[in-house]
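J.: Contents are mmCIF, C-alpha atoms; file name final_12.cif:
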data_input
loop_
_atom_site.label_atom_id
_atom_site.label_comp_id
_atom_site.auth_asym_id
_atom_site.auth_seq_id
_atom_site.Cartn_x
_atom_site.Cartn_y
_atom_site.Cartn_z
CA MET A 1 53.99 168.27 99.31
CA CYS A 2 51.70 168.74 102.27
CA THR A 3 53.04 166.41 104.94
CA THR A 4 49.71 166.22 106.75
CA CYS A 5 47.51 165.20 103.90
CA GLY A 6 49.99 164.37 101.16
CA CYS A 7 48.34 166.58 98.51
CA GLN A 8 50.88 167.66 95.94
CA SER A 9 49.74 169.47 92.86
CA GLY A 10 49.55 173.26 92.86
CA GLU A 11 48.93 173.68 96.59
CA ILE A 12 49.17 177.10 98.18
CA HIS A 13 49.69 177.26 101.94
CA ASN A 14 48.90 180.36 104.07
CA ASP A 15 49.80 181.10 107.69
CA ASN A 16 46.77 179.27 109.08
CA ASP A 17 47.93 176.19 107.26
CA GLU A 18 44.89 176.58 105.04
CA HIS A 19 45.81 175.59 101.53
CA GLU A 20 44.36 174.88 98.18
CA HIS A 21 45.39 172.87 95.22
CA VAL A 22 44.12 172.55 91.70
CA GLY A 23 43.33 169.14 90.37
CA PRO A 24 43.87 168.06 86.78
CA ASP A 25 40.10 168.52 86.31
CA GLY A 26 40.52 172.26 87.03
CA LEU A 27 38.64 172.08 90.35
CA VAL A 28 40.15 173.94 93.30
CA TYR A 29 40.35 172.00 96.55
CA ARG A 30 40.82 174.11 99.69
CA HIS A 31 41.26 172.90 103.22
CA THR A 32 42.81 173.79 106.53
CA HIS A 33 44.40 171.40 108.91
CA HIS A 34 43.07 173.35 111.93
CA SER A 35 39.50 172.27 111.38
CA PRO A 36 39.10 168.54 111.76
CA HIS A 37 35.56 168.67 110.41
CA GLY A 38 36.40 170.53 107.22
CA HIS A 39 39.58 168.56 106.85
CA ALA A 40 37.72 165.27 106.78
CA ARG A 41 35.26 166.58 104.20
CA ASP A 42 38.06 167.97 102.06
CA HIS A 43 39.84 164.68 102.26
CA GLU A 44 36.78 162.92 100.97
CA GLN A 45 36.90 165.19 97.94
CA HIS A 46 40.60 164.62 97.75
CA ARG A 47 40.15 160.87 97.61
CA LYS A 48 37.51 161.23 94.95
CA HIS A 49 39.92 163.25 92.89
CA ALA A 50 42.73 160.75 93.52
CA HIS A 51 40.48 157.95 92.32
CA GLU A 52 40.01 159.63 89.00
CA SER A 53 43.65 159.01 88.16
CA THR A 54 44.08 155.60 89.80
CA ARG A 55 41.77 152.64 89.68
CA LEU A 56 41.61 149.25 91.27
CA VAL A 57 41.88 146.15 89.09
CA GLN A 58 40.65 142.97 90.80
CA ILE A 59 42.41 139.97 89.33
CA GLU A 60 42.58 136.93 91.67
CA ARG A 61 45.44 135.17 89.93
CA ASP A 62 47.47 132.35 91.37
CA ILE A 63 51.16 133.26 91.46
CA LEU A 64 52.16 129.68 90.64
CA ALA A 65 49.60 129.32 87.81
CA LYS A 66 52.22 129.49 85.06
CA ASN A 67 54.43 126.84 86.68
CA ASN A 68 51.39 124.68 87.38
CA ALA A 69 50.27 124.85 83.74
CA PHE A 70 53.70 123.60 82.57
CA ALA A 71 53.59 120.93 85.28
CA ALA A 72 50.17 119.74 84.09
CA ALA A 73 51.48 119.48 80.51
CA ASN A 74 54.52 117.50 81.68
CA ARG A 75 52.32 115.19 83.75
CA GLN A 76 50.05 114.56 80.78
CA ARG A 77 53.03 113.71 78.61
CA PHE A 78 54.41 111.31 81.26
CA GLU A 79 51.04 109.63 81.68
CA GLN A 80 50.44 109.23 77.95
CA ASP A 81 53.89 107.75 77.39
CA GLY A 82 53.77 105.56 80.48
CA VAL A 83 56.80 107.26 82.02
CA LEU A 84 57.28 107.10 85.79
CA ALA A 85 58.65 110.55 86.68
CA LEU A 86 60.15 111.06 90.14
CA ASN A 87 61.30 114.33 91.64
CA LEU A 88 64.27 113.61 93.94
CA VAL A 89 64.69 116.23 96.63
CA SER A 90 67.11 116.56 99.54
CA SER A 91 69.69 118.81 101.12
CA PRO A 92 73.08 119.00 99.35
CA GLY A 93 75.28 115.99 100.01
CA SER A 94 72.57 113.49 100.97
CA GLY A 95 73.77 111.09 98.27
CA LYS A 96 71.19 111.65 95.51
CA THR A 97 73.66 111.21 92.67
CA ALA A 98 75.33 108.18 94.27
CA LEU A 99 71.89 106.65 94.70
CA LEU A 100 71.08 107.30 91.04
CA VAL A 101 74.36 105.81 89.84
CA ARG A 102 73.68 102.61 91.83
CA THR A 103 70.04 102.50 90.68
CA ILE A 104 71.05 102.91 87.02
CA ALA A 105 73.64 100.13 87.33
CA ALA A 106 70.94 97.79 88.64
CA LEU A 107 68.14 98.71 86.23
CA HIS A 108 69.43 100.07 82.96
CA ASP A 109 69.57 96.81 81.03
CA LYS A 110 65.92 96.05 81.93
CA THR A 111 64.20 99.44 81.99
CA PRO A 112 65.01 102.54 79.95
CA LEU A 113 66.13 105.34 82.29
CA ALA A 114 66.59 109.05 81.82
CA VAL A 115 67.79 111.71 84.24
CA ILE A 116 67.40 115.46 84.46
CA GLU A 117 70.09 116.91 86.68
CA GLY A 118 69.42 120.23 88.35
CA ASP A 119 72.32 122.14 89.86
CA GLN A 120 73.17 125.78 90.19
CA GLN A 121 76.38 125.29 88.25
CA THR A 122 78.49 122.62 86.44
CA SER A 123 77.53 119.49 84.51
CA LEU A 124 79.50 117.17 86.80
CA ASP A 125 76.44 115.20 87.89
CA ALA A 126 75.15 114.65 84.34
CA GLU A 127 78.57 113.27 83.39
CA ARG A 128 78.48 110.83 86.33
CA ILE A 129 75.00 109.69 85.28
CA ARG A 130 75.94 109.23 81.61
CA SER A 131 78.94 107.16 82.48
CA ALA A 132 76.66 104.97 84.63
CA GLY A 133 74.60 104.19 81.52
CA ALA A 134 71.56 106.50 81.41
CA GLN A 135 70.64 109.42 79.21
CA ALA A 136 71.05 112.70 81.09
CA VAL A 137 70.47 116.40 80.58
CA GLN A 138 71.93 118.97 82.93
CA ILE A 139 69.97 122.09 83.81
CA ASN A 140 71.96 124.86 85.47
CA THR A 141 69.51 126.94 87.42
CA GLY A 142 71.98 129.83 87.86
CA LYS A 143 70.63 132.17 90.51
CA SER A 144 67.55 130.05 91.09
CA CYS A 145 67.34 127.64 94.01
CA HIS A 146 64.97 125.09 92.45
CA LEU A 147 63.89 123.54 89.17
CA ASP A 148 60.65 124.77 87.64
CA ALA A 149 58.25 122.96 85.33
CA GLN A 150 59.15 125.06 82.29
CA ARG A 151 62.85 124.15 82.54
CA VAL A 152 61.85 120.52 82.88
CA GLN A 153 59.67 120.74 79.77
CA GLU A 154 62.61 122.15 77.81
CA ALA A 155 64.85 119.34 79.05
CA LEU A 156 62.20 116.78 78.05
CA GLY A 157 62.34 118.13 74.51
CA GLU A 158 66.04 117.30 74.50
CA LEU A 159 65.82 113.96 76.30
CA ASN A 160 62.68 112.48 74.74
CA PRO A 161 62.27 109.79 77.41
CA LEU A 162 61.21 106.45 75.93
CA PRO A 163 57.74 105.06 76.60
CA GLU A 164 57.59 102.74 79.62
CA SER A 165 60.71 104.24 81.17
CA ILE A 166 61.67 105.86 84.46
CA MET A 167 62.57 109.53 84.50
CA PHE A 168 64.48 110.77 87.52
CA ILE A 169 64.55 114.51 88.08
CA GLU A 170 67.35 115.31 90.51
CA ASN A 171 66.37 118.66 91.96
CA VAL A 172 68.74 121.28 93.34
CA GLY A 173 69.98 120.31 96.82
CA ASN A 174 67.63 122.39 98.95
CA LEU A 175 64.98 121.28 101.43
CA VAL A 176 62.89 124.44 101.17
CA CYS A 177 62.21 125.89 97.74
CA PRO A 178 61.63 122.80 95.52
CA ALA A 179 58.63 121.87 97.73
CA ALA A 180 56.55 124.66 96.20
CA PHE A 181 57.24 123.86 92.54
CA ASP A 182 55.34 121.00 90.94
CA LEU A 183 57.30 119.63 87.98
CA GLY A 184 54.63 117.20 86.79
CA GLU A 185 56.16 114.22 88.62
CA ALA A 186 54.22 111.19 89.83
CA ALA A 187 55.83 111.57 93.26
CA LYS A 188 58.48 113.43 95.20
CA VAL A 189 61.07 111.23 96.85
CA VAL A 190 62.95 112.90 99.70
CA ILE A 191 66.39 111.57 100.54
CA LEU A 192 67.67 112.14 104.06
CA SER A 193 71.06 110.89 105.12
CA VAL A 194 71.68 109.71 108.67
CA THR A 195 74.50 112.21 109.07
CA GLU A 196 71.98 115.06 108.95
CA GLY A 197 70.12 114.67 112.24
CA GLU A 198 66.75 113.29 113.27
CA ASP A 199 64.99 116.65 113.40
CA LYS A 200 65.18 117.48 109.67
CA PRO A 201 61.52 116.55 108.99
CA LEU A 202 60.41 118.94 111.74
CA LYS A 203 62.72 121.72 110.55
CA TYR A 204 61.65 121.41 106.90
CA PRO A 205 58.07 120.14 107.19
CA ASP A 206 56.88 121.39 103.78
CA MET A 207 59.24 119.09 101.91
CA PHE A 208 58.53 116.01 104.02
CA ARG A 209 54.81 116.66 103.72
CA ALA A 210 55.05 116.92 99.92
CA ALA A 211 57.00 113.64 99.56
CA ARG A 212 55.46 110.20 99.02
CA LEU A 213 58.62 108.28 99.96
CA MET A 214 61.54 109.02 102.25
CA LEU A 215 64.80 107.20 101.59
CA LEU A 216 66.96 107.14 104.69
CA ASN A 217 70.40 106.96 103.10
CA LYS A 218 73.94 106.19 104.35
CA CYS A 219 72.55 103.61 106.79
CA ASP A 220 75.92 101.81 106.64
CA LEU A 221 77.22 104.65 108.87
CA LEU A 222 74.68 104.03 111.66
CA PRO A 223 77.10 102.02 113.86
CA HIS A 224 79.41 105.04 113.95
CA LEU A 225 76.77 107.66 114.70
CA GLN A 226 74.40 108.60 117.46
CA PHE A 227 71.37 108.65 115.20
CA ASP A 228 67.99 107.43 116.42
CA VAL A 229 66.18 105.84 113.45
CA GLN A 230 62.90 105.48 115.39
CA GLN A 231 62.99 109.16 116.25
CA VAL A 232 63.45 110.28 112.63
CA LEU A 233 60.65 107.94 111.53
CA GLY A 234 58.39 109.40 114.20
CA ASN A 235 59.25 112.94 113.13
CA ALA A 236 58.63 112.19 109.45
CA ARG A 237 55.25 110.61 110.25
CA ARG A 238 54.30 113.48 112.49
CA VAL A 239 54.64 115.79 109.46
CA ASN A 240 53.26 113.30 106.93
CA PRO A 241 51.40 110.31 108.40
CA ALA A 242 51.20 108.61 104.97
CA ILE A 243 54.93 108.84 104.10
CA GLU A 244 56.58 105.56 103.09
CA VAL A 245 60.12 104.97 104.36
CA LEU A 246 62.97 102.77 103.13
CA GLN A 247 66.37 102.46 104.80
CA ILE A 248 69.20 102.20 102.30
CA SER A 249 72.87 102.67 101.67
CA ALA A 250 73.83 103.73 98.16
CA THR A 251 77.44 102.84 99.02
CA THR A 252 77.03 99.26 100.26
CA GLY A 253 73.78 98.48 98.45
CA GLU A 254 71.92 97.73 101.68
CA GLY A 255 68.15 98.17 101.20
CA MET A 256 68.56 98.74 97.45
CA ALA A 257 66.37 95.71 96.62
CA ALA A 258 63.42 97.29 98.40
CA TRP A 259 63.97 100.57 96.56
CA LEU A 260 64.14 98.79 93.18
CA ASP A 261 60.93 96.92 94.05
CA TRP A 262 59.28 100.23 94.90
CA LEU A 263 60.32 101.61 91.50
CA ARG A 264 59.00 98.55 89.62
CA ARG A 265 55.73 98.71 91.52
CA GLU A 266 55.27 102.43 90.75
CA LEU A 267 56.13 101.91 87.06
CA THR A 268 53.59 99.08 86.89
CA ALA A 269 50.98 101.40 88.42
CA VAL A 270 51.75 104.10 85.83
CA LEU A 271 51.43 101.58 82.99
CA ALA A 272 48.19 100.17 84.40
CA LYS A 273 46.78 103.68 84.56
CA ARG A 274 47.80 104.36 80.97
CA ASN A 275 46.28 101.08 79.77
CA GLU A 276 43.13 101.88 81.68
CA SER A 277 42.80 105.27 80.00
CA ILE A 278 43.48 103.69 76.58
CA ALA A 279 40.78 101.11 77.30
CA ALA A 280 38.42 103.86 78.44
CA LEU A 281 39.11 105.82 75.24
CA LYS A 282 38.48 102.71 73.12
CA ARG A 283 35.18 102.11 74.92
CA ARG A 284 34.23 105.74 74.30
CA VAL A 285 35.14 105.46 70.60
CA ALA A 286 33.00 102.29 70.30
CA GLU A 287 30.12 104.06 72.03
CA LEU A 288 30.35 107.05 69.69
CA GLU A 289 30.58 104.79 66.63
CA ALA A 290 27.45 102.95 67.75
CA GLN A 291 25.68 106.27 68.28
CA LEU A 292 26.75 107.49 64.85
CA GLU A 293 25.53 104.25 63.28
CA THR A 294 22.09 104.62 64.92
CA GLN A 295 21.75 108.21 63.76
CA LEU A 296 22.80 107.40 60.19
CA ARG A 297 20.30 104.58 60.11
CA ALA A 298 17.55 106.88 61.40
CA GLN A 299 18.46 109.44 58.75
CA GLN A 300 18.35 106.77 56.05
CA THR A 301 14.96 105.52 57.24
CA ALA A 302 13.60 109.08 57.22
CA ALA A 303 14.88 109.66 53.68
CA GLU A 304 13.18 106.48 52.45
CA MET B 1 64.81 132.07 98.41
CA HIS B 2 62.06 130.90 96.04
CA GLU B 3 60.34 134.18 96.87
CA MET B 4 62.39 135.67 94.00
CA SER B 5 60.71 133.30 91.52
CA LEU B 6 57.35 134.11 93.07
CA ALA B 7 58.04 137.86 92.75
CA GLU B 8 58.93 137.32 89.10
CA GLY B 9 55.63 135.45 88.74
CA VAL B 10 53.84 138.46 90.24
CA LEU B 11 55.55 140.75 87.72
CA GLN B 12 54.46 138.53 84.86
CA ILE B 13 50.84 138.63 86.07
CA ILE B 14 51.09 142.45 86.29
CA GLU B 15 52.47 142.71 82.75
CA GLU B 16 49.80 140.40 81.33
CA THR B 17 47.07 142.34 83.14
CA ALA B 18 48.52 145.65 81.86
CA GLU B 19 48.11 144.43 78.28
CA VAL B 20 44.47 143.56 78.83
CA GLU B 21 43.54 146.52 81.03
CA GLY B 22 45.76 149.11 79.37
CA PHE B 23 47.51 150.77 82.30
CA GLN B 24 51.00 152.26 82.40
CA ALA B 25 51.92 152.23 86.06
CA VAL B 26 51.09 150.31 89.20
CA ARG B 27 50.84 152.10 92.54
CA LYS B 28 49.95 149.20 94.78
CA VAL B 29 49.92 145.42 94.55
CA THR B 30 47.85 143.30 96.92
CA LEU B 31 48.73 139.66 97.47
CA GLU B 32 46.92 137.01 99.43
CA ILE B 33 49.38 134.62 101.04
CA GLY B 34 48.22 131.69 103.12
CA GLN B 35 49.89 130.96 106.46
CA LEU B 36 50.73 127.45 105.18
CA ALA B 37 52.02 128.57 101.75
CA ALA B 38 55.71 128.43 102.76
CA VAL B 39 56.25 132.07 101.86
CA GLU B 40 58.12 134.38 104.19
CA PRO B 41 56.43 137.81 103.95
CA GLU B 42 59.68 139.67 104.71
CA ALA B 43 61.59 137.75 102.01
CA MET B 44 58.69 138.39 99.65
CA ARG B 45 58.88 142.16 100.28
CA PHE B 46 62.62 142.19 99.68
CA CYS B 47 62.30 140.22 96.43
CA PHE B 48 59.26 142.17 95.31
CA ASP B 49 61.18 145.45 95.34
CA ALA B 50 64.07 143.87 93.44
CA ALA B 51 61.86 142.16 90.86
CA MET B 52 59.77 145.28 90.14
CA ARG B 53 62.82 147.46 89.47
CA GLY B 54 62.77 148.82 85.92
CA SER B 55 59.18 147.63 85.36
CA LEU B 56 55.84 149.41 85.30
CA ALA B 57 55.47 148.52 88.98
CA GLU B 58 58.77 150.01 90.12
CA GLY B 59 58.34 151.52 93.57
CA ALA B 60 54.81 150.12 93.96
CA GLU B 61 53.55 149.53 97.46
CA LEU B 62 53.14 145.87 98.41
CA GLU B 63 50.28 144.80 100.62
CA ILE B 64 50.32 141.21 101.85
CA VAL B 65 47.05 139.91 103.26
CA GLU B 66 47.79 136.84 105.32
CA VAL B 67 45.12 134.14 105.10
CA PRO B 68 44.92 132.06 108.29
CA GLY B 69 45.70 128.37 107.96
CA SER B 70 42.98 125.88 108.78
CA GLY B 71 42.90 122.12 108.99
CA TRP B 72 40.49 119.21 109.37
CA CYS B 73 40.71 117.21 112.57
CA VAL B 74 39.59 113.64 111.95
CA GLU B 75 39.02 112.98 115.66
CA CYS B 76 36.76 115.98 116.20
CA ALA B 77 35.33 115.95 112.64
CA THR B 78 35.66 119.70 112.48
CA THR B 79 37.77 122.45 110.96
CA VAL B 80 40.24 124.02 113.36
CA PRO B 81 42.81 126.83 113.15
CA MET B 82 46.18 125.60 111.84
CA PRO B 83 48.82 128.32 112.10
CA GLU B 84 51.70 125.99 111.13
CA ILE B 85 52.27 122.86 109.06
CA ILE B 86 52.95 120.90 112.22
CA ALA B 87 50.04 121.82 114.42
CA ALA B 88 47.94 119.97 116.95
CA CYS B 89 44.16 120.21 117.17
CA PRO B 90 43.36 122.78 119.91
CA TYR B 91 40.48 120.60 121.16
CA CYS B 92 41.82 117.05 121.27
CA GLY B 93 45.57 117.53 120.85
CA ASN B 94 45.63 115.31 117.78
CA CYS B 95 48.67 116.21 115.67
CA GLN B 96 47.48 114.82 112.38
CA LEU B 97 45.54 117.71 110.92
CA GLN B 98 44.78 117.77 107.20
CA ALA B 99 45.47 121.27 105.89
CA THR B 100 42.35 122.62 104.19
CA GLY B 101 42.95 126.38 103.98
CA GLY B 102 45.74 128.92 104.01
CA MET B 103 47.78 127.47 101.14
CA GLU B 104 47.00 130.18 98.61
CA MET B 105 49.47 132.54 96.89
CA LYS B 106 47.46 134.96 94.81
CA VAL B 107 47.60 138.42 93.31
CA THR B 108 44.18 139.77 94.24
CA SER B 109 44.23 143.38 93.08
CA LEU B 110 46.30 146.13 91.52
CA GLU B 111 45.94 149.86 92.03
CA VAL B 112 46.90 151.28 88.66
CA GLU B 113 47.00 154.50 86.71
#
Please express the file's structure as structure tokens.

T.:
Amino acid sequence: MCTTCGCQSGEIHNDNDEHEHVGPDGLVYRHTHHSPHGHARDHEQHRKHAHESTRLVQIERDILAKNNAFAAANRQRFEQDGVLALNLVSSPGSGKTALLVRTIAALHDKTPLAVIEGDQQTSLDAERIRSAGAQAVQINTGKSCHLDAQRVQEALGELNPLPESIMFIENVGNLVCPAAFDLGEAAKVVILSVTEGEDKPLKYPDMFRAARLMLLNKCDLLPHLQFDVQQVLGNARRVNPAIEVLQISATTGEGMAAWLDWLRRELTAVLAKRNESIAALKRRVAELEAQLETQLRAQQTAAE
Amino acid sequence: MHEMSLAEGVLQIIEETAEVEGFQAVRKVTLEIGQLAAVEPEAMRFCFDAAMRGSLAEGAELEIVEVPGSGWCVECATTVPMPEIIAACPYCGNCQLQATGGMEMKVTSLEVE
């Protein structure tokens, strides 16, 4: 290969560094590297000949399009069935599973609950959830660091969440990757424990920006820690001015009432939206029936 | 390291395009990645090479075109540069910018043979 111009096929070099090569079209290309003028012209020919074998395909395709299509299908299913789906995200050890266990204990005899558990390995979390009284499916993501919408769709096929229920999707403990993958949820809920430091929202802004609600967990430990609640709230709002915040402890139950209220309110909103779209569909059906009636009558009149 | 999933997504787009366009090999892949898309170009390059191995794009060159982030400043009622998720308006110092551009992750073109 010519190291100056990169031409490869059939080149012959002489002492002046002039060389020629034969293209697949049978044309002979000759150039010397001592003459900048001729070199440039030869290279133009060279490019032309290179373009005969390669071409440019313009595509403009979103890398996340496939995930987003699955997410849209999941969202449609949740909305039609009146299921409140929440994507719980946090770093490992923030207390997501403990929070779920406590939430299930408080709600499961009033509201049907289902849980998708995402972890790299083991079904330990799903077992904890089942023994708390909710249906659960474990997804092991293996080498992957996040759940994607396709895996969630598969899990939904297995779980079949009941209409008017709450579906918790406990994502892999990771404050980076799950932010980019929409699962079709109504909202992301980020759980931050007070043992993690006030600067987490600034260090992982994508996740805190994507979340609707932040649960500040393990608040029972505050007396033993140097953790500035006002500072973490300020940091979270700096990243996401609209973020809602609740202070809780999944261990002592502190703040749980506010969290349960939040869940009931969100479920009511999902059901209202579903009823609204059913009402809108009914209105549309009535409109179309009226239109059909008018046209049939007109047809009948014309026939008479 | 969600860049690995993204690289696998790129490979899938390449394979689907190959079926439609009928090419056997890919020399170069061009991506457009927004500054606010939470993608680390270096991690993307590393994962790209790994994901393309054994495929029709093995050894393909990867070009990443970075799209600058931009945001809407409510105070100034104008669009301003936003290089990071947490950025202040360069005119008024207001921190609460609404990201409006630079979130894309796209495959824009393939050089194929």

J.: Find the residues near segment 132-140 of chain A: any atom within 6 Å, counting only C-alpha atoms, skip ones fewer than 4 places away on the same chain, and give them as a PyMOL selection string.

T.: chain A and resi 101+113-121+123+126

J.: List the residues selected by the PyMOL selection byres ((chain B) within 8 of (chain A)) in the file shown, writing them as a PyMOL selection string.

T.: chain B and resi 1-2+5-6+9-10+13+38+85-86+95-96+104-113

J.: Tell me which of A:Glu304, A:Thr103, A:Ala73, A:Val89 sits closest to Ala250 of chain A, counting only C-alpha atoms.

T.: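 Selected residue with least distance to Ala250 of chain A: A:Thr103.
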
J.: Pull the closest atom pair for each residue of segment 21-44 of chain B that gets at most 10 Å from segment 52-57 of chain B, along with the distance in Å to one decimal, counting only C-alpha atoms, ordering rows by chain and then ascending residue number, as a tab-separated table.

T.:
residue	atom	partner	partner_atom	distance
B:Phe23	CA	B:Leu56	CA	9.0
B:Gln24	CA	B:Leu56	CA	6.3
B:Ala25	CA	B:Leu56	CA	4.9
B:Val26	CA	B:Ala57	CA	4.7
B:Arg27	CA	B:Ala57	CA	6.9
B:Lys28	CA	B:Ala57	CA	8.0
B:Val29	CA	B:Ala57	CA	8.5

J.: Using the chain letters and numbers from this file, what does the PyMOL selection byres ((chain B and resi 64-68) around 10) select? Give the answer as JSON, numbers by chain.

T.: {"B": [29, 30, 31, 32, 33, 34, 35, 36, 37, 41, 42, 44, 45, 61, 62, 63, 69, 70, 81, 82, 83, 84, 101, 102, 103, 104, 105, 106, 107, 108]}

J.: Figure out the distance between atom CA of Leu246 of chain A and atom CA of Leu175 of chain A, please, to one decimal in Å.

T.: 18.7 Å

J.: Taking all atoms listed in the file into account, which of A:Asp228, A:Glu154, A:Glu185, A:Glu79 comes nearest Arg274 of chain A?

T.: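 When distances to Arg274 of chain A are compared using all atoms listed in the file, the smallest one comes from A:Glu79.
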
J.: How many Å lie between atom CA of Val74 of chain B and atom CA of Leu97 of chain B, rounded to one decimal?

T.: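 Spanning atom CA of Val74 of chain B to atom CA of Leu97 of chain B is a straight-line distance of 7.3 Å.
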
J.: Report, in Å to a single decimal, how far apart atom CA of Ala187 of chain A and atom CA of Glu3 of chain B are.

T.: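 Between these atoms lies a distance of 23.3 Å.
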
J.: Give me the residues near Ser94 of chain A as JSON, numbers by chain, where near means some atom within 8 Å (using all atoms listed in the file) and where sequence neighbours in that chain fewer than 3 positions away do not count.

T.: {"A": [90, 91, 191, 192, 193, 217]}

J.: Report as a list in words the full result of the PyMOL selection byres ((chain A and resi 183) around 8) when it is applied to this structure.

T.: Asn67, Asn68, Phe70, Ala71, Asn74, Arg75, Asn87, Leu147, Asp148, Ala149, Val152, Phe181, Asp182, Gly184 and Glu185 of chain A

J.: Could you please give me, as a list in words, the residues of protein, DNA or RNA lying at most 12 Å from (39.3, 113.9, 106.2) in the coordinate frame of the file, considering all atoms listed in the file?

T.: Gly71, Trp72, Cys73, Val74, Glu75, Cys76, Ala77, Thr78, Thr79, Gln96, Leu97, Gln98, Ala99 and Thr100 of chain B

J.: Around segment 199-206 of chain A, fit a box with edges along x, y and z, padding it by 5 Å on each side, then list its centre and edge lengths in Å to one decimal as JSON.

T.:
{"center_x": 61.0, "center_y": 119.1, "center_z": 108.6, "size_x": 18.3, "size_y": 15.2, "size_z": 19.6}
